[in-house]
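Asker: Pasting in a structure now, in structure tokens, and then I'll have a few things to ask.
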Amino acid sequence: MSVADSILFIPPKTLSGAAQSLAAAREIRRVHRKAKILCLSTPFLAPLFEASPYFNRVDPDGDPQNWKEAGVVIRRLRAMTFQAVYDFRGSSMTGRLQSGLKPRPSFWSGPPAVAEGEAIHAMDRIERQLIEAGVLNSPIGLLPDLSWLSTVGRNTRTLEPAYFGLNDHYAVLLPCTSAREKSPTFKPEEWAALAAALLEQGLRPVVLGSVSDRAVANAVRAAAPQAKEYLGRTNLLQLAALSRKSRLVVTALAPVAHLTAAAAADQITVFAAGDPDPATGAPRGEGSVIALTPSASRVSIGDVMQSARALGAFRRQGQRVGA
């Protein structure tokens with residue numbers, strides 16, 4: 001397509017989809033260097049898009065809950081003149097937007113059709129959409145990218161590990177209890193055993209997540225007193241930045257795992273029985289990402305430690321972690 005002056009970017013409203021769609025935003029900005037790009041986001045995800053360098057403005061009220069609210073969004077957007085829309089959400093709401101904004105814009109890129117029975121990773125689907133839209137000429141192995149976090153971090157110490165009192169090597173643990181309520185990856189005592197094993201290898205365990213992970217954090221602190229936890233005390237940018245600068249991230253398969261992988265963390269993602277095939281559901285990123293899937297038995301702490309060694313997480317084995 002020709003270069004547009006004004007563009008509407010509609011990301012998914014899930015955390016995993018938002019993190020993945022930033023790669024598309026980067027490629028769209030590359031093609032439309034001088035365009036004014038508006039991101040139609042949600043209140044929860046808006047700070048992530050606002051911090052990125054790809055948008056001129058972020059509208060956080062992009063998740064109407066009913067047709068009346070959708071009408072308000074349509075009227076607001078009709079007052080603007082978009083030459084192109086890149087819709088990576090592909091919902092009934094965005095379909096309503098497309099109808100409500102006609103006859104403009106003349107170019108609307110939506111999620112590509114997937115053949116019946118075809119299994120495709122979300123990143124491959126995004127790449128396919130960009131090719132169909134003419135943003136990419138051919139497949140490039142598109143990966144999520146939050147490399148701009150380093151630039152943002154230069155302007156605020158709140159994204160630095162030292163801001164959280166982390167001055168030595170550490171490993172991030174993400175139990176994702178609320179997301180894994182029906183099929184937890186590890187029990188609290190197993191997370192605790194993992195924390196103790198990591199501590200023995202010179203990595204301070206740091207439990208991140210929400211207050212629903214309190215049982216895990218308590219067990220970890222009992223087994224590894226030098227561990228730290230910041231449950232409910234990190235925003236999306238801080239969580240991503242802490243993961244990016246960690247020696248290792250160990251996470252259950254959950255939406256946040258896609259954010260940390262996008263932050264280029266060296267990461268072990270633990271799958272449980274019934275989870276999607278890693279070929280289509282595993283997080284991807286610029287770092288080294290290992291997906292541990294159960295075979296005859298559940299993934300064990302030994303499996304995690306072996307994978308951590310393969311990632312080089314223990315380059316300084318036996319280093320003492322302070323109090």
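Identifiers in the structure tokens: chain A, B, ... in order shown; residue index from 1 per chain; ligand index from 1 in order shown.
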Write out as a PyMOL selection string each polymer residue whose atoms come within 7 Å of His121 in chain A, counting only C-alpha atoms; drop sequence neighbours fewer than 2 positions from it.

Answerer: chain A and resi 119+123-125+279-281

Asker: Can you tell me which residues surround Ala291 in chain A at a distance of at most 10 Å, considering only C-alpha atoms, apart from same-chain residues fewer than 6 positions away, and format the answer as a list of chain:residue names?

Answerer: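 Using only C-alpha atoms, the neighbours found are A:Thr251, A:Ala252, A:Leu253, A:Gln267, A:Ile268, A:Thr269, A:Val270, A:Phe271, A:Asp277, A:Pro278, A:Ala279, A:Gly281, A:Ala282, A:Pro283, A:Arg284, A:Val304, A:Ser307.
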
Asker: As a PyMOL selection string, please: every residue in range 85-153 of chain A that a backbone DSSP assignment puts in alpha helix (DSSP H).

Answerer: chain A and resi 92-101+122-132+149-153

Asker: Store the residues picked out above in a file with C-alpha atoms, as a CSV table (one decimal), in the first residue's frame.

Answerer:
chain,number,residue,atom,x,y,z
A,92,SER,CA,-16.9,-8.1,16.6
A,93,MET,CA,-16.2,-4.7,18.0
A,94,THR,CA,-13.5,-3.9,15.4
A,95,GLY,CA,-15.9,-5.2,12.7
A,96,ARG,CA,-18.4,-2.7,14.0
A,97,LEU,CA,-15.8,0.0,13.8
A,98,GLN,CA,-15.0,-0.9,10.2
A,99,SER,CA,-18.6,-0.6,9.2
A,100,GLY,CA,-19.1,2.6,11.3
A,101,LEU,CA,-16.1,4.4,9.7
A,122,ALA,CA,0.2,-15.9,16.9
A,123,MET,CA,3.5,-14.3,15.7
A,124,ASP,CA,3.3,-16.2,12.4
A,125,ARG,CA,-0.3,-15.0,12.0
A,126,ILE,CA,0.8,-11.4,12.6
A,127,GLU,CA,3.7,-11.8,10.1
A,128,ARG,CA,1.2,-13.2,7.5
A,129,GLN,CA,-1.0,-10.2,8.1
A,130,LEU,CA,1.9,-7.8,7.5
A,131,ILE,CA,2.8,-9.6,4.3
A,132,GLU,CA,-0.8,-9.4,3.0
A,149,LEU,CA,12.9,-0.7,27.3
A,150,SER,CA,16.6,0.1,27.6
A,151,THR,CA,16.0,3.6,26.2
A,152,VAL,CA,13.0,4.2,28.4
A,153,GLY,CA,15.1,3.0,31.4

Asker: In Å, how far is it from CA of Ala223 in chain A to CA of Glu160 in chain A?

Answerer: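 One can read the CA of Ala223 in chain A to CA of Glu160 in chain A distance as 26.3 Å.
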
Asker: Find the residues around range 206-211 of chain A up to 9 Å (only C-alpha atoms counted), leave out those fewer than 4 positions away in its own chain, and share them as JSON, numbers by chain.

Answerer: {"A": [170, 171, 172, 173, 174, 175, 176, 177, 178, 195, 215, 216, 217, 220, 227, 228, 229, 230, 231, 232, 233, 234, 239, 256]}

Asker: Limited to N, CA and C atoms, could you put the picked residues into a file as a short mmCIF file (atom, residue, chain, number, x, y, z; two decimals), in the first residue's frame?

Answerer:
data_model
loop_
_atom_site.label_atom_id
_atom_site.label_comp_id
_atom_site.auth_asym_id
_atom_site.auth_seq_id
_atom_site.Cartn_x
_atom_site.Cartn_y
_atom_site.Cartn_z
N TYR A 170 20.07 -12.34 39.84
CA TYR A 170 18.78 -12.83 40.33
C TYR A 170 18.03 -13.57 39.22
N ALA A 171 17.07 -14.39 39.68
CA ALA A 171 16.19 -15.12 38.77
C ALA A 171 14.75 -14.75 39.10
N VAL A 172 13.97 -14.46 38.09
CA VAL A 172 12.55 -14.10 38.27
C VAL A 172 11.70 -15.37 38.23
N LEU A 173 10.82 -15.50 39.22
CA LEU A 173 9.87 -16.60 39.27
C LEU A 173 8.46 -16.03 39.08
N LEU A 174 7.74 -16.59 38.12
CA LEU A 174 6.37 -16.14 37.83
C LEU A 174 5.43 -17.34 37.93
N PRO A 175 4.82 -17.55 39.12
CA PRO A 175 3.94 -18.71 39.28
C PRO A 175 2.63 -18.59 38.51
N CYS A 176 2.15 -17.34 38.27
CA CYS A 176 0.92 -17.12 37.50
C CYS A 176 -0.26 -17.89 38.10
N THR A 177 -0.40 -17.81 39.42
CA THR A 177 -1.39 -18.62 40.13
C THR A 177 -2.80 -18.40 39.61
N SER A 178 -3.20 -17.14 39.42
CA SER A 178 -4.58 -16.87 39.00
C SER A 178 -4.85 -17.42 37.61
N ALA A 195 13.43 -22.34 44.21
CA ALA A 195 14.09 -21.14 44.72
C ALA A 195 15.34 -21.50 45.50
N ALA A 215 0.77 -17.44 48.41
CA ALA A 215 1.15 -18.73 49.00
C ALA A 215 2.50 -19.19 48.47
N VAL A 216 2.74 -18.96 47.19
CA VAL A 216 4.03 -19.32 46.60
C VAL A 216 5.14 -18.47 47.20
N ALA A 217 4.90 -17.16 47.30
CA ALA A 217 5.92 -16.26 47.84
C ALA A 217 6.28 -16.63 49.27
N VAL A 220 8.43 -19.72 49.24
CA VAL A 220 9.77 -19.41 48.72
C VAL A 220 10.60 -18.71 49.79
N ALA A 227 15.42 -14.62 49.31
CA ALA A 227 14.53 -14.32 48.18
C ALA A 227 13.77 -13.02 48.43
N LYS A 228 13.34 -12.40 47.35
CA LYS A 228 12.52 -11.20 47.43
C LYS A 228 11.23 -11.42 46.67
N GLU A 229 10.21 -10.68 47.06
CA GLU A 229 8.94 -10.73 46.31
C GLU A 229 8.38 -9.32 46.20
N TYR A 230 7.78 -9.05 45.06
CA TYR A 230 7.17 -7.75 44.81
C TYR A 230 5.78 -7.97 44.20
N LEU A 231 4.99 -8.78 44.87
CA LEU A 231 3.67 -9.12 44.34
C LEU A 231 2.77 -7.88 44.33
N GLY A 232 2.20 -7.60 43.16
CA GLY A 232 1.30 -6.47 43.03
C GLY A 232 1.99 -5.12 43.10
N ARG A 233 3.33 -5.11 43.08
CA ARG A 233 4.06 -3.85 43.23
C ARG A 233 4.88 -3.48 42.00
N THR A 234 4.64 -4.15 40.90
CA THR A 234 5.32 -3.80 39.65
C THR A 234 4.27 -3.59 38.56
N LEU A 239 7.86 -5.00 35.34
CA LEU A 239 7.96 -6.45 35.26
C LEU A 239 8.80 -6.87 34.06
N VAL A 256 1.48 -13.38 30.80
CA VAL A 256 2.66 -12.60 31.17
C VAL A 256 3.94 -13.23 30.64
#

Asker: Could you name the residues that touch range 32-40 of chain A at 8 Å or less, counting only C-alpha atoms, but leaving out those on the same chain fewer than 2 positions away, as a list in words?

Answerer: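 Here the answer would be Val3, Ala4, Asp5, Ser6, Ile7, Leu8, Phe9, Ile10, Pro11, Ile28, Arg29, Arg30, Thr42, Phe49, Tyr54, Phe55, Asn56, Arg57, Val58, Asp59, Pro60, Asp61 and Gly62 of chain A.
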
Asker: Could the residues in this selection be written to a file with C-alpha atoms, as a PDB file, in the first residue's frame?

Answerer:
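Below is the file that was written, part_2.pdb:
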ATOM      1  CA  VAL A   3       2.429   5.529   2.598  1.00  0.00           C
ATOM      2  CA  ALA A   4      -0.371   6.914   4.765  1.00  0.00           C
ATOM      3  CA  ASP A   5      -0.421  10.195   6.688  1.00  0.00           C
ATOM      4  CA  SER A   6      -2.690   8.998   9.481  1.00  0.00           C
ATOM      5  CA  ILE A   7      -3.022   5.442  10.751  1.00  0.00           C
ATOM      6  CA  LEU A   8      -5.181   3.660  13.309  1.00  0.00           C
ATOM      7  CA  PHE A   9      -3.496   0.719  15.035  1.00  0.00           C
ATOM      8  CA  ILE A  10      -5.773  -1.697  16.928  1.00  0.00           C
ATOM      9  CA  PRO A  11      -3.846  -4.219  19.059  1.00  0.00           C
ATOM     10  CA  ILE A  28       4.433  -0.365  10.437  1.00  0.00           C
ATOM     11  CA  ARG A  29       6.405   2.593  11.799  1.00  0.00           C
ATOM     12  CA  ARG A  30       9.354   1.552   9.612  1.00  0.00           C
ATOM     13  CA  THR A  42      -7.347  -0.527  26.785  1.00  0.00           C
ATOM     14  CA  PHE A  49       2.001   1.237  24.197  1.00  0.00           C
ATOM     15  CA  TYR A  54       5.909   3.667  17.630  1.00  0.00           C
ATOM     16  CA  PHE A  55       2.842   5.811  18.307  1.00  0.00           C
ATOM     17  CA  ASN A  56       2.036   9.491  18.309  1.00  0.00           C
ATOM     18  CA  ARG A  57      -0.895   8.977  20.635  1.00  0.00           C
ATOM     19  CA  VAL A  58      -2.564   6.183  22.576  1.00  0.00           C
ATOM     20  CA  ASP A  59      -6.320   6.141  23.173  1.00  0.00           C
ATOM     21  CA  PRO A  60      -6.995   3.990  26.275  1.00  0.00           C
ATOM     22  CA  ASP A  61     -10.763   3.836  25.712  1.00  0.00           C
ATOM     23  CA  GLY A  62     -10.670   1.260  22.959  1.00  0.00           C
TER      24      GLY A  62
END

Asker: Given only C-alpha atoms as the basis, pick out the residue of A:Asn66, A:Ala51, A:Pro111, A:Leu292 nearest to Asn155 in chain A.

Answerer: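 Closest to Asn155 in chain A, using only C-alpha atoms: A:Ala51.
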
Asker: What does the structure give for the distance between CA of Ser246 in chain A and CA of Ala179 in chain A, in Å to one decimal?

Answerer: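 Separation of CA of Ser246 in chain A and CA of Ala179 in chain A: 22.7 Å.
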
Asker: Can you list, as a ChimeraX atom specification, all residues belonging to range 214-289 of chain A that DSSP tags as strand (DSSP E or B)?

Answerer: /A:228-229,248-252,267-270,289

Asker: Please provide the set of residues having any atom within 8 Å of Leu143 in chain A, restricted to only C-alpha atoms, with same-chain residues fewer than 4 positions apart removed, written as a CSV table (one decimal) with N, CA and C atoms, in the first residue's frame.

Answerer:
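Listing of selection29.csv after writing:
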chain,number,residue,atom,x,y,z
A,20,GLN,N,3.0,-9.2,21.7
A,20,GLN,CA,3.3,-9.7,20.3
A,20,GLN,C,3.1,-8.6,19.2
A,23,ALA,N,5.7,-5.9,17.8
A,23,ALA,CA,6.6,-6.2,16.6
A,23,ALA,C,6.0,-5.7,15.3
A,123,MET,N,2.5,-15.2,16.4
A,123,MET,CA,3.5,-14.3,15.7
A,123,MET,C,3.5,-14.6,14.2
A,262,ALA,N,9.1,-11.3,25.3
A,262,ALA,CA,9.2,-10.2,24.4
A,262,ALA,C,10.3,-9.2,24.9
A,284,ARG,N,7.7,-16.4,22.4
A,284,ARG,CA,8.9,-16.2,21.5
A,284,ARG,C,9.5,-14.9,21.9
A,285,GLY,N,10.8,-14.8,21.7
A,285,GLY,CA,11.5,-13.5,21.9
A,285,GLY,C,12.9,-13.5,21.5
A,286,GLU,N,13.6,-12.4,21.6
A,286,GLU,CA,15.0,-12.3,21.2
A,286,GLU,C,15.9,-13.1,22.1
